[in-house]
$ cat upload-v5.cif   # mmCIF, C-alpha atoms
data_protein
#
loop_
_atom_site.label_atom_id
_atom_site.label_comp_id
_atom_site.auth_asym_id
_atom_site.auth_seq_id
_atom_site.Cartn_x
_atom_site.Cartn_y
_atom_site.Cartn_z
CA MET Y 1 0.00 0.00 0.00
CA THR Y 2 1.03 3.58 -0.58
CA PRO Y 3 0.87 6.11 2.27
CA THR Y 4 -2.27 7.68 0.78
CA ASP Y 5 -4.05 4.31 0.94
CA THR Y 6 -3.77 4.18 4.72
CA ALA Y 7 -3.89 7.87 5.63
CA PRO Y 8 -7.22 9.10 7.07
CA ALA Y 9 -9.33 11.23 4.77
CA ALA Y 10 -8.92 14.98 5.23
CA ALA Y 11 -11.69 16.63 7.23
CA VAL Y 12 -14.08 18.76 5.19
CA ARG Y 13 -15.77 21.62 7.02
CA ASP Y 14 -17.89 24.67 6.29
CA ILE Y 15 -16.21 28.02 5.79
CA VAL Y 16 -17.38 31.58 5.21
CA LEU Y 17 -15.14 33.95 3.25
CA ASP Y 18 -15.43 37.72 3.63
CA ALA Y 19 -15.57 39.49 0.28
CA ASP Y 20 -15.52 43.12 1.38
CA GLY Y 21 -18.51 42.51 3.64
CA ILE Y 22 -20.25 39.97 1.40
CA PRO Y 23 -20.23 36.46 2.87
CA LEU Y 24 -19.28 33.62 0.54
CA SER Y 25 -20.15 30.23 1.99
CA GLY Y 26 -18.34 27.09 1.01
CA LEU Y 27 -16.37 24.03 2.04
CA ILE Y 28 -12.69 23.68 2.90
CA ALA Y 29 -10.28 20.78 3.32
CA LEU Y 30 -6.67 21.28 4.41
CA PRO Y 31 -3.64 18.99 4.05
CA ALA Y 32 -1.66 17.72 7.02
CA ALA Y 33 1.39 19.82 6.00
CA PRO Y 34 1.71 23.31 4.48
CA PRO Y 35 -0.15 23.25 1.14
CA ARG Y 36 1.54 22.74 -2.21
CA ALA Y 37 -1.01 25.20 -3.60
CA THR Y 38 -4.66 26.12 -3.10
CA VAL Y 39 -7.36 24.73 -5.37
CA VAL Y 40 -10.46 26.92 -5.58
CA ALA Y 41 -13.41 24.98 -6.99
CA VAL Y 42 -16.30 26.87 -8.58
CA HIS Y 43 -19.63 25.12 -9.24
CA GLY Y 44 -22.02 25.43 -12.16
CA GLY Y 45 -25.48 26.94 -12.57
CA GLY Y 46 -28.19 25.78 -10.20
CA MET Y 47 -25.73 23.88 -7.98
CA ARG Y 48 -23.80 24.48 -4.75
CA ALA Y 49 -20.23 24.04 -3.53
CA GLY Y 50 -21.02 20.47 -2.43
CA TYR Y 51 -20.87 19.46 -6.09
CA PHE Y 52 -17.14 18.94 -5.50
CA HIS Y 53 -17.68 16.82 -2.38
CA GLY Y 54 -19.59 13.86 -3.78
CA ARG Y 55 -19.73 10.92 -1.38
CA SER Y 56 -21.79 8.32 -3.23
CA HIS Y 57 -18.61 6.39 -4.01
CA CYS Y 58 -15.19 6.11 -2.37
CA GLY Y 59 -12.72 8.64 -3.76
CA GLN Y 60 -15.38 10.75 -5.49
CA SER Y 61 -14.78 13.95 -3.48
CA LEU Y 62 -12.33 16.46 -4.94
CA LEU Y 63 -11.85 17.98 -1.50
CA THR Y 64 -10.66 14.85 0.27
CA LEU Y 65 -8.62 13.66 -2.73
CA ALA Y 66 -6.78 16.95 -3.28
CA ALA Y 67 -6.15 17.56 0.43
CA GLY Y 68 -4.69 14.06 0.66
CA LEU Y 69 -2.30 15.00 -2.14
CA GLY Y 70 -1.10 18.10 -0.32
CA TYR Y 71 -3.44 20.84 -1.58
CA ALA Y 72 -5.66 23.19 0.35
CA VAL Y 73 -9.07 23.06 -1.29
CA LEU Y 74 -11.83 25.67 -1.21
CA ALA Y 75 -15.16 24.94 -2.88
CA VAL Y 76 -17.15 28.18 -2.84
CA ASP Y 77 -20.81 28.98 -3.37
CA ARG Y 78 -20.72 31.45 -6.23
CA PRO Y 79 -22.09 34.97 -5.56
CA GLY Y 80 -25.88 34.72 -5.60
CA TYR Y 81 -25.84 31.26 -4.01
CA GLY Y 82 -25.62 30.16 -0.39
CA LEU Y 83 -25.03 32.85 2.23
CA SER Y 84 -24.50 35.58 -0.37
CA GLU Y 85 -28.00 35.15 -1.82
CA PRO Y 86 -29.50 38.01 0.27
CA ASN Y 87 -26.84 40.33 -1.16
CA PHE Y 88 -27.87 39.32 -4.70
CA PRO Y 89 -31.58 38.41 -4.51
CA GLN Y 90 -31.82 38.35 -8.32
CA GLY Y 91 -28.35 36.92 -8.80
CA ALA Y 92 -25.15 38.58 -10.01
CA THR Y 93 -23.59 39.11 -13.41
CA LEU Y 94 -20.35 37.33 -14.18
CA SER Y 95 -18.42 40.59 -13.88
CA GLU Y 96 -19.92 41.16 -10.43
CA GLN Y 97 -19.18 37.57 -9.44
CA SER Y 98 -15.57 37.95 -10.56
CA HIS Y 99 -15.12 41.07 -8.44
CA VAL Y 100 -16.58 39.34 -5.37
CA LEU Y 101 -14.52 36.20 -5.89
CA HIS Y 102 -11.27 38.16 -6.17
CA ALA Y 103 -12.11 40.06 -2.99
CA ALA Y 104 -12.84 36.81 -1.14
CA LEU Y 105 -9.63 35.14 -2.31
CA ALA Y 106 -7.54 38.19 -1.41
CA ALA Y 107 -8.99 38.12 2.10
CA TYR Y 108 -8.33 34.38 2.40
CA ALA Y 109 -4.73 34.79 1.20
CA ARG Y 110 -4.06 37.46 3.83
CA GLU Y 111 -4.88 34.99 6.61
CA HIS Y 112 -3.87 31.59 5.20
CA ASP Y 113 -0.92 29.95 3.51
CA THR Y 114 -1.90 29.36 -0.12
CA GLY Y 115 1.31 27.48 -0.93
CA GLY Y 116 2.48 27.90 -4.52
CA GLY Y 117 -0.56 29.97 -5.43
CA ILE Y 118 -4.23 29.66 -6.39
CA PHE Y 119 -5.43 27.23 -9.06
CA LEU Y 120 -9.03 27.62 -10.24
CA MET Y 121 -11.04 24.49 -11.00
CA ALA Y 122 -14.48 25.23 -12.42
CA HIS Y 123 -17.50 23.44 -13.82
CA SER Y 124 -20.03 24.58 -16.42
CA TYR Y 125 -21.34 28.08 -15.57
CA GLY Y 126 -18.53 28.30 -13.05
CA GLY Y 127 -16.16 28.02 -16.00
CA LYS Y 128 -17.53 31.31 -17.28
CA LEU Y 129 -16.71 32.88 -13.91
CA ALA Y 130 -13.22 31.33 -13.96
CA LEU Y 131 -12.51 32.89 -17.36
CA HIS Y 132 -13.85 36.26 -16.18
CA ALA Y 133 -11.66 36.09 -13.08
CA ALA Y 134 -8.60 35.11 -15.11
CA ALA Y 135 -9.22 37.87 -17.67
CA ASP Y 136 -9.16 40.44 -14.85
CA PRO Y 137 -5.62 41.87 -14.39
CA ARG Y 138 -5.54 40.23 -10.95
CA GLY Y 139 -6.06 36.87 -12.66
CA ALA Y 140 -2.49 36.87 -13.96
CA ALA Y 141 -1.45 35.68 -10.50
CA PHE Y 142 -3.40 32.41 -10.79
CA LEU Y 143 -1.39 29.25 -11.37
CA GLY Y 144 -3.86 28.14 -14.01
CA LEU Y 145 -7.42 27.08 -14.76
CA ASP Y 146 -9.05 23.69 -15.19
CA ILE Y 147 -12.55 23.97 -16.65
CA SER Y 148 -15.03 21.20 -17.39
CA GLY Y 149 -18.41 21.21 -19.07
CA ILE Y 150 -18.25 24.35 -21.19
CA SER Y 151 -17.30 25.62 -24.64
CA HIS Y 152 -18.38 28.84 -26.36
CA ARG Y 153 -21.20 27.23 -28.36
CA TYR Y 154 -24.35 25.81 -26.84
CA ALA Y 155 -25.71 22.55 -28.22
CA VAL Y 156 -29.19 23.77 -27.23
CA ASP Y 157 -30.80 27.21 -27.15
CA PRO Y 158 -30.76 28.35 -23.50
CA ALA Y 159 -33.38 31.01 -24.23
CA ARG Y 160 -35.90 28.28 -25.04
CA ILE Y 161 -35.42 26.36 -21.77
CA GLU Y 162 -38.20 27.35 -19.38
CA ASP Y 163 -37.38 24.98 -16.52
CA PHE Y 164 -33.63 24.66 -15.88
CA HIS Y 165 -34.13 21.62 -13.64
CA GLY Y 166 -37.08 20.16 -15.53
CA VAL Y 167 -37.66 16.74 -17.06
CA LYS Y 168 -36.53 17.88 -20.51
CA THR Y 169 -33.19 19.22 -19.24
CA TRP Y 170 -32.40 16.22 -17.02
CA PRO Y 171 -30.47 14.37 -19.78
CA LEU Y 172 -28.42 17.52 -20.47
CA HIS Y 173 -27.28 17.71 -16.85
CA TRP Y 174 -26.68 14.03 -16.27
CA GLY Y 175 -26.63 11.85 -19.38
CA ARG Y 176 -27.15 8.13 -18.83
CA LEU Y 177 -28.13 6.82 -15.39
CA GLY Y 178 -25.33 4.27 -15.44
CA LEU Y 179 -22.69 7.00 -15.42
CA TYR Y 180 -23.40 7.68 -11.72
CA PRO Y 181 -23.00 5.56 -8.56
CA PRO Y 182 -26.14 4.40 -6.71
CA GLY Y 183 -27.49 7.07 -4.40
CA THR Y 184 -26.09 9.98 -6.44
CA PHE Y 185 -29.39 11.61 -7.31
CA SER Y 186 -30.87 11.50 -3.82
CA ALA Y 187 -27.60 12.82 -2.39
CA ALA Y 188 -27.55 15.64 -4.98
CA LYS Y 189 -31.01 16.98 -4.07
CA PRO Y 190 -29.68 19.39 -1.39
CA LEU Y 191 -27.14 20.73 -3.90
CA VAL Y 192 -29.70 21.63 -6.58
CA THR Y 193 -31.05 25.17 -6.44
CA PRO Y 194 -32.78 27.53 -8.90
CA MET Y 195 -30.51 29.49 -11.20
CA PRO Y 196 -30.78 33.20 -10.27
CA PRO Y 197 -32.70 35.27 -12.87
CA ARG Y 198 -29.86 37.66 -13.77
CA GLU Y 199 -27.53 34.70 -14.30
CA ALA Y 200 -30.06 32.96 -16.54
CA GLN Y 201 -30.57 36.14 -18.55
CA GLU Y 202 -26.83 36.49 -19.17
CA ALA Y 203 -26.46 32.90 -20.39
CA SER Y 204 -27.56 33.62 -23.96
CA ARG Y 205 -24.80 36.23 -24.40
CA TRP Y 206 -21.93 33.84 -23.70
CA ALA Y 207 -20.92 33.24 -27.33
CA GLN Y 208 -20.45 37.00 -27.82
CA ALA Y 209 -18.57 37.44 -24.53
CA PHE Y 210 -16.10 34.57 -24.95
CA PRO Y 211 -13.68 36.01 -27.57
CA ASP Y 212 -12.85 39.13 -25.56
CA LEU Y 213 -12.38 37.18 -22.33
CA ALA Y 214 -10.28 34.48 -24.02
CA ALA Y 215 -7.96 37.13 -25.47
CA ARG Y 216 -7.22 38.42 -21.95
CA VAL Y 217 -6.43 35.11 -20.23
CA ARG Y 218 -2.70 34.98 -19.47
CA VAL Y 219 -2.41 31.73 -17.49
CA PRO Y 220 -2.49 28.07 -18.61
CA VAL Y 221 -5.96 26.64 -19.12
CA ARG Y 222 -7.31 23.12 -19.63
CA PHE Y 223 -10.80 22.28 -20.88
CA THR Y 224 -12.42 18.87 -20.37
CA PHE Y 225 -15.53 17.61 -22.17
CA ALA Y 226 -17.46 14.61 -20.91
CA GLU Y 227 -18.06 11.83 -23.41
CA HIS Y 228 -21.82 12.35 -22.97
CA GLU Y 229 -21.83 16.16 -22.77
CA GLY Y 230 -25.23 17.52 -23.80
CA TRP Y 231 -25.20 21.24 -23.08
CA TRP Y 232 -22.22 22.23 -25.22
CA GLN Y 233 -20.78 21.60 -28.66
CA HIS Y 234 -17.30 20.10 -28.46
CA ASP Y 235 -16.52 18.89 -31.97
CA GLU Y 236 -13.06 19.48 -33.44
CA GLU Y 237 -14.09 22.65 -35.28
CA THR Y 238 -15.50 24.15 -32.04
CA ILE Y 239 -12.29 23.29 -30.20
CA ALA Y 240 -10.19 24.85 -32.97
CA SER Y 241 -12.29 28.02 -32.74
CA MET Y 242 -11.82 28.18 -28.96
CA ARG Y 243 -8.08 27.67 -29.33
CA ALA Y 244 -7.86 30.48 -31.89
CA HIS Y 245 -9.44 32.95 -29.44
CA LEU Y 246 -7.39 31.98 -26.39
CA ALA Y 247 -4.22 33.96 -25.65
CA ALA Y 248 -3.20 31.72 -22.74
CA PRO Y 249 0.45 30.55 -22.77
CA ARG Y 250 -0.72 26.95 -22.77
CA VAL Y 251 -4.12 25.54 -23.79
CA VAL Y 252 -5.07 21.88 -23.34
CA PHE Y 253 -8.27 20.15 -24.46
CA ASP Y 254 -9.20 16.77 -23.07
CA ARG Y 255 -12.14 14.35 -23.13
CA GLN Y 256 -13.37 12.31 -20.21
CA PRO Y 257 -14.72 8.88 -21.16
CA HIS Y 258 -17.67 7.34 -19.31
CA ALA Y 259 -18.92 10.69 -18.01
CA GLY Y 260 -21.94 12.96 -18.31
CA HIS Y 261 -22.04 16.73 -17.88
CA ASN Y 262 -21.84 16.51 -14.07
CA ILE Y 263 -18.47 14.75 -14.15
CA SER Y 264 -17.59 15.34 -10.49
CA LEU Y 265 -20.65 13.40 -9.29
CA GLY Y 266 -20.15 10.42 -11.59
CA TRP Y 267 -18.10 7.22 -11.63
CA ALA Y 268 -15.44 9.17 -13.56
CA ALA Y 269 -15.03 11.80 -10.82
CA ARG Y 270 -11.79 10.45 -9.36
CA THR Y 271 -10.23 9.98 -12.80
CA TYR Y 272 -11.16 13.51 -13.83
CA HIS Y 273 -10.00 15.05 -10.54
CA LEU Y 274 -6.64 13.29 -10.77
CA ARG Y 275 -6.18 14.59 -14.31
CA ALA Y 276 -7.07 18.11 -13.19
CA LEU Y 277 -4.63 17.93 -10.28
CA ALA Y 278 -1.94 16.61 -12.62
CA PHE Y 279 -2.48 19.77 -14.68
CA ALA Y 280 -2.13 21.82 -11.48
CA GLU Y 281 1.18 20.04 -10.86
CA GLU Y 282 2.31 20.95 -14.37
CA CYS Y 283 1.41 24.58 -13.72
CA LEU Y 284 3.41 24.52 -10.48
CA LEU Y 285 6.36 22.98 -12.30
CA ALA Y 286 6.21 25.58 -15.08
CA ARG Y 287 6.26 28.38 -12.52
CA ASP Y 288 9.16 26.79 -10.60
CA VAL Y 289 11.36 26.49 -13.69
CA ALA Y 290 10.29 29.71 -15.42
CA PRO Y 291 13.18 31.89 -16.66
CA GLY Y 292 14.37 34.18 -13.88
CA THR Y 293 13.01 31.99 -11.09
CA PRO Y 294 15.84 31.15 -8.66
CA ALA Y 295 16.38 27.40 -8.39
CA PRO Y 296 16.16 26.07 -4.82
CA ALA Y 297 19.45 24.90 -3.35
CA ARG Y 298 19.65 21.12 -3.29
CA THR Y 299 22.19 18.66 -1.94
CA PRO Y 300 22.79 15.72 -4.31
CA GLY Y 301 21.33 12.57 -2.82
CA PRO Y 302 21.67 8.88 -3.59
CA GLY Y 303 21.53 8.12 -7.27
CA VAL Y 304 22.53 11.64 -8.37
CA LEU Y 305 25.75 11.76 -10.35
CA THR Y 306 27.97 14.80 -9.95
CA GLY Y 307 30.60 16.08 -12.32
CA ALA Y 308 34.05 17.33 -11.42
CA ALA Y 309 32.68 20.68 -10.34
CA GLY Y 310 30.01 19.07 -8.19
CA THR Y 311 27.12 19.91 -10.55
CA PRO Y 312 24.47 17.31 -11.35
CA SER Y 313 24.88 15.54 -14.68
CA GLN Y 314 22.55 13.18 -16.47
CA ARG Y 315 23.03 9.43 -16.36
#

$ encode --input "upload-v5.cif" --output "structure tokens"
Amino acid sequence: MTPTDTAPAAAVRDIVLDADGIPLSGLIALPAAPPRATVVAVHGGGMRAGYFHGRSHCGQSLLTLAAGLGYAVLAVDRPGYGLSEPNFPQGATLSEQSHVLHAALAAYAREHDTGGGIFLMAHSYGGKLALHAAADPRGAAFLGLDISGISHRYAVDPARIEDFHGVKTWPLHWGRLGLYPPGTFSAAKPLVTPMPPREAQEASRWAQAFPDLAARVRVPVRFTFAEHEGWWQHDEETIASMRAHLAAPRVVFDRQPHAGHNISLGWAARTYHLRALAFAEECLLARDVAPGTPAPARTPGPGVLTGAAGTPSQR
């Protein structure tokens, strides 16, 4: 067994972040040692932060998995959801949500060790917020973004959907029943909430908003599409169009087999989360070895060959 097989799962608890007087509710899990980095998870439309803490199957929760791998993990209720709902009774625009999120993360960083920085992990409508936050000048400090369940082209017309959580939209959210562990849908009931009106109204303008946002993203970004994604187009031409708009230094597109739109609640959750955290590791590595970054002093250990001057050389 590896150490992570026997180590107890990280405790997940409620947290309230202060965004200049606006409370953002959410969940937090901390590693046993100082964090490698901080993963901030942002849920989709009509959901809550608990989307990233699925417990219908062992290993499904992003929070316990990432904390066990050395990350601090914050899953936040987006502005307009949870405790911030009274501040935004009709919901908040994506620009407003971005401002509130940045304020909350700045306050958190003043009081907590964020490790190597903040890495945004977002799903569906939360991916729109992640791109808004990254396009903000303050977003240049993020390690990177990992976004699932969104492109810039809907596969359906959102303006014609009257009931976001209705019978007709159920297959768009979930896909096939067999993609999810037993008990998933009953456990997800407390997470499901109406989409705020202002958020729903803004949904139809996403295709027009994406190019400008994409041109202002200056950190690595990875997009994942579920095999059975129903809300969004994700054919090769759509992906090529997204890539053409994105100014990020690195752009990765991936597909997750055996998954529906709500990847993090399905059987594929652990696989997807591990892939996302591997991308976070790559972003940490890229920052560590970036030109001009001082290399940490290291003493050669067993198995490291040294040349005449004492510098490491390759085998």

$ resolve_selection --input "upload-v5.cif" --expression "the PyMOL selection byres ((chain Y and resi 206-220) around 8)" --output "PyMOL selection string"
chain Y and resi 131-132+134-136+139-140+142-145+152-153+202-205+221-222+245-251+283

$ atom_distance --input "upload-v5.cif" --atom1 "atom CA of Arg48 of chain Y" --atom2 "atom CA of Trp174 of chain Y"
15.8 Å

$ atom_distance --input "upload-v5.cif" --atom1 "atom CA of Gly68 of chain Y" --atom2 "atom CA of Phe185 of chain Y"
26.1 Å

$ atom_distance --input "upload-v5.cif" --atom1 "atom CA of Gly50 of chain Y" --atom2 "atom CA of Lys189 of chain Y"
10.7 Å

$ closest_residue --input "upload-v5.cif" --among "Y:Ile22, Y:Ala130, Y:Ala226, Y:Ala29" --to "Asn87 of chain Y" --atoms "only C-alpha atoms"
Y:Ile22

$ closest_residue --input "upload-v5.cif" --among "Y:Leu83, Y:Cys58, Y:Leu105, Y:Ala259" --to "His173 of chain Y" --atoms "only C-alpha atoms"
Y:Ala259

$ residues_near_point --input "upload-v5.cif" --point "(-9.2, 25.7, -1.5)" --cutoff "6 Å" --atoms "all atoms listed in the file" --output "list in words"
Ile28, Thr38, Val39, Val40, Ala72, Val73 and Leu74 of chain Y

$ resolve_selection --input "upload-v5.cif" --expression "the PyMOL selection byres ((chain Y and resi 224) around 8)" --output "PyMOL selection string"
chain Y and resi 146-149+222-223+225-226+253-256

$ residues_around --input "upload-v5.cif" --residues "Arg55 of chain Y" --least-positions-apart "3" --cutoff "10 Å" --atoms "all atoms listed in the file" --output "MDAnalysis selection string"
chainID Y and resid 50:52 58:62 181 183:184 187:188 265

$ closest_residue --input "upload-v5.cif" --among "Y:Val100, Y:Val192, Y:Leu172, Y:Ala75" --to "Trp231 of chain Y" --atoms "only C-alpha atoms"
Y:Leu172

$ residues_around --input "upload-v5.cif" --residues "Tyr108 of chain Y" --least-positions-apart "6" --cutoff "9 Å" --atoms "only C-alpha atoms" --output "list in words"
Leu17, Asp18 and Thr114 of chain Y

$ write_last_selection --input "upload-v5.cif" --atoms "C-alpha atoms" --output "JSON list (two decimals), in the frame of the given file"
[["chain", "number", "residue", "atom", "x", "y", "z"],
["Y", 17, "LEU", "CA", -15.14, 33.95, 3.25],
["Y", 18, "ASP", "CA", -15.43, 37.72, 3.63],
["Y", 114, "THR", "CA", -1.90, 29.36, -0.12]]

$ closest_residue --input "upload-v5.cif" --among "Y:Gly70, Y:Gly178, Y:Pro196, Y:Gly54" --to "Pro31 of chain Y" --atoms "all atoms listed in the file"
Y:Gly70

$ closest_residue --input "upload-v5.cif" --among "Y:Met47, Y:Ala37, Y:Ala155, Y:Leu27" --to "Ala109 of chain Y" --atoms "all atoms listed in the file"
Y:Ala37

$ build_atoms --input "upload-v5.cif" --residues "segment 96-106 of chain Y" --atoms "all heavy atoms" --output "PDB file, in the frame of the given file"
ATOM      1  N   GLU Y  96     -19.735  40.949 -11.870  1.00  0.00           N
ATOM      2  CA  GLU Y  96     -19.920  41.160 -10.430  1.00  0.00           C
ATOM      3  C   GLU Y  96     -19.395  39.968  -9.635  1.00  0.00           C
ATOM      4  O   GLU Y  96     -18.728  40.133  -8.612  1.00  0.00           O
ATOM      5  CB  GLU Y  96     -21.406  41.382 -10.136  1.00  0.00           C
ATOM      6  CG  GLU Y  96     -21.944  42.701 -10.662  1.00  0.00           C
ATOM      7  CD  GLU Y  96     -23.461  42.773 -10.624  1.00  0.00           C
ATOM      8  OE1 GLU Y  96     -24.117  41.715 -10.515  1.00  0.00           O
ATOM      9  OE2 GLU Y  96     -23.990  43.898 -10.710  1.00  0.00           O
ATOM     10  N   GLN Y  97     -19.669  38.766 -10.130  1.00  0.00           N
ATOM     11  CA  GLN Y  97     -19.180  37.570  -9.440  1.00  0.00           C
ATOM     12  C   GLN Y  97     -17.661  37.533  -9.403  1.00  0.00           C
ATOM     13  O   GLN Y  97     -17.053  37.143  -8.410  1.00  0.00           O
ATOM     14  CB  GLN Y  97     -19.718  36.315 -10.138  1.00  0.00           C
ATOM     15  CG  GLN Y  97     -21.212  36.121  -9.992  1.00  0.00           C
ATOM     16  CD  GLN Y  97     -21.681  34.823 -10.620  1.00  0.00           C
ATOM     17  OE1 GLN Y  97     -21.063  33.781 -10.456  1.00  0.00           O
ATOM     18  NE2 GLN Y  97     -22.793  34.885 -11.354  1.00  0.00           N
ATOM     19  N   SER Y  98     -17.031  37.929 -10.504  1.00  0.00           N
ATOM     20  CA  SER Y  98     -15.570  37.950 -10.560  1.00  0.00           C
ATOM     21  C   SER Y  98     -15.002  38.906  -9.522  1.00  0.00           C
ATOM     22  O   SER Y  98     -14.030  38.587  -8.819  1.00  0.00           O
ATOM     23  CB  SER Y  98     -15.104  38.355 -11.958  1.00  0.00           C
ATOM     24  OG  SER Y  98     -13.704  38.507 -12.002  1.00  0.00           O
ATOM     25  N   HIS Y  99     -15.592  40.084  -9.410  1.00  0.00           N
ATOM     26  CA  HIS Y  99     -15.120  41.070  -8.440  1.00  0.00           C
ATOM     27  C   HIS Y  99     -15.226  40.522  -7.014  1.00  0.00           C
ATOM     28  O   HIS Y  99     -14.292  40.650  -6.211  1.00  0.00           O
ATOM     29  CB  HIS Y  99     -15.934  42.361  -8.568  1.00  0.00           C
ATOM     30  CG  HIS Y  99     -15.568  43.405  -7.562  1.00  0.00           C
ATOM     31  ND1 HIS Y  99     -14.438  44.194  -7.670  1.00  0.00           N
ATOM     32  CD2 HIS Y  99     -16.178  43.776  -6.399  1.00  0.00           C
ATOM     33  CE1 HIS Y  99     -14.361  45.002  -6.634  1.00  0.00           C
ATOM     34  NE2 HIS Y  99     -15.402  44.773  -5.850  1.00  0.00           N
ATOM     35  N   VAL Y 100     -16.370  39.890  -6.705  1.00  0.00           N
ATOM     36  CA  VAL Y 100     -16.580  39.340  -5.370  1.00  0.00           C
ATOM     37  C   VAL Y 100     -15.618  38.187  -5.101  1.00  0.00           C
ATOM     38  O   VAL Y 100     -15.039  38.080  -4.004  1.00  0.00           O
ATOM     39  CB  VAL Y 100     -18.046  38.885  -5.200  1.00  0.00           C
ATOM     40  CG1 VAL Y 100     -18.244  38.171  -3.868  1.00  0.00           C
ATOM     41  CG2 VAL Y 100     -18.992  40.077  -5.288  1.00  0.00           C
ATOM     42  N   LEU Y 101     -15.425  37.330  -6.080  1.00  0.00           N
ATOM     43  CA  LEU Y 101     -14.520  36.200  -5.890  1.00  0.00           C
ATOM     44  C   LEU Y 101     -13.097  36.673  -5.632  1.00  0.00           C
ATOM     45  O   LEU Y 101     -12.418  36.156  -4.730  1.00  0.00           O
ATOM     46  CB  LEU Y 101     -14.554  35.291  -7.117  1.00  0.00           C
ATOM     47  CG  LEU Y 101     -13.650  34.047  -7.047  1.00  0.00           C
ATOM     48  CD1 LEU Y 101     -14.087  33.116  -5.923  1.00  0.00           C
ATOM     49  CD2 LEU Y 101     -13.638  33.306  -8.389  1.00  0.00           C
ATOM     50  N   HIS Y 102     -12.624  37.638  -6.397  1.00  0.00           N
ATOM     51  CA  HIS Y 102     -11.270  38.160  -6.170  1.00  0.00           C
ATOM     52  C   HIS Y 102     -11.137  38.758  -4.768  1.00  0.00           C
ATOM     53  O   HIS Y 102     -10.108  38.564  -4.101  1.00  0.00           O
ATOM     54  CB  HIS Y 102     -10.927  39.211  -7.223  1.00  0.00           C
ATOM     55  CG  HIS Y 102     -10.343  38.648  -8.480  1.00  0.00           C
ATOM     56  ND1 HIS Y 102      -9.109  38.040  -8.512  1.00  0.00           N
ATOM     57  CD2 HIS Y 102     -10.815  38.597  -9.751  1.00  0.00           C
ATOM     58  CE1 HIS Y 102      -8.839  37.641  -9.748  1.00  0.00           C
ATOM     59  NE2 HIS Y 102      -9.855  37.956 -10.518  1.00  0.00           N
ATOM     60  N   ALA Y 103     -12.161  39.468  -4.330  1.00  0.00           N
ATOM     61  CA  ALA Y 103     -12.110  40.060  -2.990  1.00  0.00           C
ATOM     62  C   ALA Y 103     -12.047  38.966  -1.924  1.00  0.00           C
ATOM     63  O   ALA Y 103     -11.289  39.070  -0.948  1.00  0.00           O
ATOM     64  CB  ALA Y 103     -13.327  40.953  -2.765  1.00  0.00           C
ATOM     65  N   ALA Y 104     -12.826  37.908  -2.112  1.00  0.00           N
ATOM     66  CA  ALA Y 104     -12.840  36.810  -1.140  1.00  0.00           C
ATOM     67  C   ALA Y 104     -11.501  36.090  -1.101  1.00  0.00           C
ATOM     68  O   ALA Y 104     -10.996  35.755  -0.017  1.00  0.00           O
ATOM     69  CB  ALA Y 104     -13.958  35.829  -1.484  1.00  0.00           C
ATOM     70  N   LEU Y 105     -10.911  35.855  -2.272  1.00  0.00           N
ATOM     71  CA  LEU Y 105      -9.630  35.140  -2.310  1.00  0.00           C
ATOM     72  C   LEU Y 105      -8.504  35.996  -1.756  1.00  0.00           C
ATOM     73  O   LEU Y 105      -7.579  35.474  -1.121  1.00  0.00           O
ATOM     74  CB  LEU Y 105      -9.327  34.709  -3.752  1.00  0.00           C
ATOM     75  CG  LEU Y 105     -10.300  33.696  -4.352  1.00  0.00           C
ATOM     76  CD1 LEU Y 105      -9.869  33.316  -5.762  1.00  0.00           C
ATOM     77  CD2 LEU Y 105     -10.421  32.459  -3.472  1.00  0.00           C
ATOM     78  N   ALA Y 106      -8.554  37.302  -1.986  1.00  0.00           N
ATOM     79  CA  ALA Y 106      -7.540  38.190  -1.410  1.00  0.00           C
ATOM     80  C   ALA Y 106      -7.610  38.165   0.110  1.00  0.00           C
ATOM     81  O   ALA Y 106      -6.573  38.127   0.792  1.00  0.00           O
ATOM     82  CB  ALA Y 106      -7.731  39.608  -1.944  1.00  0.00           C
TER      83      ALA Y 106
END
